[in-house]
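To start, the structure under review is shown below, and the notes come after it.
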Amino acid sequence: MTTTSVMKKLPEVTLAFWIMKIAATTLGETAGDLFAQTLKLGYFLTTIALFLVFVVTLVVQLRSARYNPFFYWTVILSTSMAGTTMSDFMNRDASAQYLSNGATRLGWGPQGLGLGYPEGAAILISILLLIFLGWKLSGMTFQITEIVTFRGEALFWSAILVSNTLGTSMGDFLSDSSGLGYLGGASLVTGLLLVLLALMKVPAVPNVLLFWIAFVLTRPLGATAGDFLTKPVAKGGLDLGTTGSSAVLLAVLFGLMAYAHLRERRATAPEFAGPEAEAVESQRAGQR
């Protein structure tokens, strides 16, 4: 029995995977801003609430016996939403550039740590590197389709949460501080992703490394796209609002998840029929 058939808890990395990743991260940006800014809950309360949502969705994913697109992409979405407000809380404060319409506060609790995008990104990069170092020292694979243990999946989701938070900081820096604007930032990230695509043809460059770089970079692409949809026209956005944009993106993502779920059922139904399912679960338990 192959590793993939032992425990397929994570999806195959295909074009559809990246489309859903960008959709989820864009929705994470607009939904995070919806709760923190539009509903004026603030970065502090929203970060706590969305982190708890992440924990709940993660528990459901970890307890699942096999890959379920709805479980997997719900966790990706929750890390994107939590990552948005975690990044904002780290990097922003109560200064006028972050508070509109003459407001002096945004929600209950601390307004933000005010570290700034470069400092916040440096901290998150350091945390992400420490996670990868611990992952490397554990001896477990970085290939997501070959992750077959609870510890391996826990490391994977830790890296996902931090990488999505880092990606938000990078996206906000490109949109707000670099002078590129929303479209300029998105164009830059798209260009870098195309370079990574070309490097896949270079044997000397590990595809695992390219995957993780691309995973981080698709987050700022989603962040800049989300800002472009929601920010005022005067700031270079389309001013569609966080509520409307989030609703449309949620419908798109839900449709993609439903399609992925149907494909997964058709592809794996024969493989997990009968007594083989028990053997799969038994082998999983022995590898935890």
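The way I read the labels, and the way they are meant: chains A, B, ... in the order of the structure tokens, residue 1 as the first residue of every chain, and ligand 1 as the first ligand shown, with later ones counted on from there.
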Within 12 Å of Asp172 of chain A, counting only C-alpha atoms, which residues show up once you throw out same-chain ones fewer than 2 positions away? Write them as a PyMOL selection string, please.
chain A and resi 29+84-85+87-88+91-92+98+116-118+120-121+165-170+174-182+185-186+219-228
Counting only C-alpha atoms, what is within 12 Å of Ala260 of chain A, bar same-chain residues fewer than 3 positions away, as a ChimeraX atom specification?
/A:11-12,14,16-17,19-20,67-73,253-257,263-267
When DSSP is applied to the backbone of this structure, which of segment 41-147 of chain A are assigned alpha helix (DSSP H)? Write them out as JSON, numbers by chain.
{"A": [42, 43, 44, 45, 46, 47, 48, 49, 50, 51, 52, 53, 54, 55, 56, 57, 58, 59, 60, 61, 62, 63, 69, 70, 71, 72, 73, 74, 75, 76, 77, 78, 79, 80, 81, 82, 83, 84, 85, 86, 87, 88, 89, 90, 91, 117, 118, 119, 120, 121, 122, 123, 124, 125, 126, 127, 128, 129, 130, 131, 132, 133, 134, 135, 136, 137, 138]}
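Going from atom CA of Ser245 of chain A to atom CA of Ala31 of chain A covers 8.5 Å.
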Looking at A:Ser163, A:Gly184, A:Arg151, A:Val233, which one is nearest to Trp212 of chain A, with distances taken over only C-alpha atoms?
A:Ser163
Counting only C-alpha atoms, what is within 7 Å of Asp239 of chain A, bar same-chain residues fewer than 3 positions away, as a list in words?
Leu229, Thr230, Lys231, Pro232 and Val233 of chain A
Writer output for current selection, all heavy atoms, as a CSV table (one decimal), in the first residue's frame:
chain,number,residue,atom,x,y,z
A,229,LEU,N,-10.4,45.1,-3.7
A,229,LEU,CA,-11.8,45.0,-3.8
A,229,LEU,C,-12.6,45.9,-2.8
A,229,LEU,O,-13.6,46.5,-3.1
A,229,LEU,CB,-12.3,43.6,-3.6
A,229,LEU,CG,-11.9,42.5,-4.6
A,229,LEU,CD1,-12.2,41.1,-4.1
A,229,LEU,CD2,-12.6,42.8,-5.9
A,230,THR,N,-12.0,46.1,-1.7
A,230,THR,CA,-12.7,46.7,-0.6
A,230,THR,C,-12.4,48.2,-0.3
A,230,THR,O,-13.2,48.9,0.2
A,230,THR,CB,-12.5,45.9,0.7
A,230,THR,OG1,-11.1,45.9,1.1
A,230,THR,CG2,-13.0,44.5,0.6
A,231,LYS,N,-11.2,48.6,-0.6
A,231,LYS,CA,-10.7,50.0,-0.2
A,231,LYS,C,-11.4,51.0,-1.1
A,231,LYS,O,-11.8,50.8,-2.2
A,231,LYS,CB,-9.2,50.1,-0.3
A,231,LYS,CG,-8.5,49.1,0.6
A,231,LYS,CD,-8.9,49.3,2.1
A,231,LYS,CE,-8.1,48.3,3.0
A,231,LYS,NZ,-8.5,48.4,4.4
A,232,PRO,N,-11.4,52.3,-0.6
A,232,PRO,CA,-12.0,53.4,-1.4
A,232,PRO,C,-11.3,53.6,-2.7
A,232,PRO,O,-10.1,53.3,-2.8
A,232,PRO,CB,-11.9,54.6,-0.4
A,232,PRO,CG,-11.7,54.0,0.9
A,232,PRO,CD,-11.0,52.7,0.7
A,233,VAL,N,-12.1,54.2,-3.6
A,233,VAL,CA,-11.5,54.5,-4.9
A,233,VAL,C,-10.4,55.5,-4.8
A,233,VAL,O,-9.4,55.4,-5.5
A,233,VAL,CB,-12.6,55.1,-5.8
A,233,VAL,CG1,-12.0,55.6,-7.2
A,233,VAL,CG2,-13.7,54.0,-6.1
Distance of atom CA of Leu41 of chain A from atom CA of Gln111 of chain A, expressed in Å to one decimal place
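Distance reported for this atom pair: 10.5 Å.
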With distances taken over only C-alpha atoms, which residue among A:Met81, A:Ala154, A:Val208, A:Ile125 lies nearest Ala24 of chain A?
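Selected residue with least distance to Ala24 of chain A: A:Met81.
Going from atom CA of Ile131 of chain A over to atom CA of Leu161 of chain A, you cover 11.0 Å.
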